[in-house]
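Have a look at the structure below before the remarks.
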Amino acid sequence: MSLDSAEASPSSSRDWFFPSPSFIHSTSNSPQSPNYPRKFSTIPRHSRSSHTDWKPPKTSTFRSVSSYGSAAYGDPKYGRVRRRIELRRREKMAKQEKEDPVLEQKRDVSKAVSGVKTAIGEMGIRDFGQRVKIRWQMASYIAILITAFGSFVHKNFSLHNQVIDLQDQISTMNIRLQACNTSDTFDTISILQEGNHANSEGMGPRLVSVSISFGGMLIFAMMLGLVSDAISEKLDSLRKGRSEVVEQNHTLILGWSDKLGSLLNQLVIANESLGGGIVVVMAERDKEEMELDIAKMEFDFRGTSVICRSGSPLILADLKKVSVSKARAIVVLADDGNADQSDARALRTVLSLTGVKEGLRGHIVVELSDLDNEVLVKLVGGELVETVVAHDVIGRLMIQCARQPGLAQIWEDILGFENCEFYIKRWPQLDGMQFEDVLISFPDAIPCGVKVASRGGKIILNPEDSYVLQEGDEVLVIAEDDDTYAPGALPMVWRGSLAGDFIVPKLTEKILLCGWRRDMEDMIMVLDAFLAPGSELWMFNEVVESERERKLIDGGLDLSRLVNITLVHREGNAVIRRHLESLPLESFDSAKRLPYREAMVTRGQRGSFSRGSWIGEMQQASDRSVIISEILDPRTKNLLSMSKISDYVLSNELVSMALAMVAEDRQINDVLEELFAEEGNELHIRLAELYLHEGEEMSFYEIILRARQKREIVIGYRLENAERAVINPPNKNERRRWSVKDVFVVITEKV
């Protein structure tokens, strides 16, 4: 029966088929029949009888359809569709069979991962380089395994998704077969595709994403560990002072001693006018300990940065670490202890410095302990080396200060950068001027000498008045700073004449020297050159007399060559009272016993001490004697202000000042060597009565010109009631009233 006849016969109403409610809902929006179920024709009953051989496939993936739909599916005109469905079903079964090898591969991957983890746990990390190599290999292996695992899992879930897609396609084809006679097939397929779009995001892709994320996190954690170790290693090297200094034009200090604090303080003051500088300290100590000790020093760094590094100056790699070739000055400190061993180490350090391949930009300042080793160090270092012999400098200073009370304070002002110091500079406008006129040409400085260009740059202290400055000559002055002075207009100054006889008699002296120094023979030779014939030097110490002569002879002293002094030996300890009572303290030129009446007055002022008692004698002697004490710790000088010590020498601080001054300008070393030597010029304190009368009004310029009549250069003065001297006074052309009890500080030739 045809489809038209079925519609015409009223008795065939039972042959109509209405689809399921879900299908009606999906087709109810058709514009041809809105809100009403569409009628679909089915195969008549007599047609089903002619297809008894056909059986619907029993697959769970097909959606259930009515018997009328199955008849349409078995129609021969749908043979191509059936073959396509059978082909897809076979592909599904084949791909399901491939899932078993994938599972085996997953198990193999898990076993490989566990093996790698076991191997990693057994590895030992010996140093940082091996740790980095092993961790990089581990990261590579794990990355490869994770990638393989991810690819296998992804392939597995991809196959699973393909199977699901095939099932969806079969279901779609089944529905299309059921709805093949409708004209709204395109809309139906679109609706079905929209309903299955969410299936593309299943558990498979999510698991793959999670596994890849965990793998990335693991690799990131390992990389973070490597970076953390590298940063920790770098911070540890910085903390321990093993990193390289990238600075240049800095001051480099090699070694560590008690003089370091004073040296740093002077360098800080010197760099203050420049806004601060950079000082690098390298010693064979821990960096943190050095920084802690420097932080305890009681001074302001004033913009200067101090960098500490651990290392040995005998190793070229350590010298390169502190940029030795870029330093503007290198200071080599002497070690505390044996003098010969300290100088030997300083010599080896100089050898290491001269062996730097890049060369040295700055000069080397070497602190030595023994004067005999100076020649050898200069021979090795050549023109790069400037030496400062600490014991020799302190010994000469103590001798000068013992003969001239108050000179230690003057040396402290000149050597330190806190007040006035030596500077050398060229002034072309002074060419052709005599030195006598140059003396009064600087309102804020005092000329002391000339660096003569025609004599190879030799510095002449206290030249003659008639010397005329030539082109290239430089002027040596005492000024507050290198940028605080300049020549001005030549003032009109009245010279005048000396007030009295300028001849200073050289009298015999009797000096007591307590204690023993390693360079005692050098001090004896200096005293023999300074003192008048017939003078006595009393040596009071614990060294046995026979042993003293042997030590002095071994040190190079020839007792038969002493001309002006006689040695007197006494054994004892200056700290023990009964030993001091055995000495005739009042017999020394600097310790006179007071008369009985004056002693009573002194006793009444100070307390009840019996006449002739040891304490009374010491008090009487201290009022008339010059007591010089050597101090190692600068903090001790605050305690001496309460005592009756006439003067003191800060040995470590003065040596540090000299090192800092030579480090800033190596030319100053020639000036200091001449002022400390037995011959040439020296600092001296003169009484005012040698230049003026009582109550005379004069300017400082006039006093300078009067002193030039005896070829002396006045650099300062100390008033009668003043505690300290004034070096390079201001307002030099201003007249003032002077007293004969005032004193003047001059540079004069040694007599």
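By order in the structure tokens, chains are A, B, ...; within a chain, residues start at 1; ligands start at 1, following the order shown.
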
**Request:** Do a neighbour search on segment 349-357 of chain A at 8 Å with only C-alpha atoms, toss out local chain neighbours closer than 5 positions, and write the hits as a PyMOL selection string.
**Result:** chain A and resi 313-316+319+325+332+377+380-381

Hey, which bits of segment 325-438 of chain A sit within 12 Å of segment 443-461 of chain A, and for each residue what's the closest pair of atoms and how far apart in Å (one decimal), counting only C-alpha atoms, rows by chain and increasing number, as CSV?
residue,atom,partner,partner_atom,distance
A:Cys420,CA,A:Ala445,CA,9.0
A:Glu421,CA,A:Ala445,CA,9.9
A:Phe422,CA,A:Cys448,CA,8.9
A:Tyr423,CA,A:Pro447,CA,9.5
A:Ile424,CA,A:Lys451,CA,8.0
A:Lys425,CA,A:Lys451,CA,9.0
A:Arg426,CA,A:Lys451,CA,9.0
A:Trp427,CA,A:Val450,CA,11.3
A:Leu430,CA,A:Val450,CA,11.6
A:Asp431,CA,A:Val450,CA,11.8
A:Gln434,CA,A:Val450,CA,11.2
A:Phe435,CA,A:Gly449,CA,8.6
A:Glu436,CA,A:Pro447,CA,9.8
A:Asp437,CA,A:Pro447,CA,10.2
A:Val438,CA,A:Pro447,CA,7.1

**Message:** Here is a test: counting only C-alpha atoms, which residue of A:Lys506, A:Arg83, A:Arg88, A:Arg361 is nearest to Val163 of chain A?
**Reply:** A:Arg88

**Item:** Using only C-alpha atoms: which of A:Leu567, A:Val526, A:Ala722, A:Ala663 has the shortest distance to Val331 of chain A
**Value:**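 Counting only C-alpha atoms, the residue closest to Val331 of chain A is A:Ala663.
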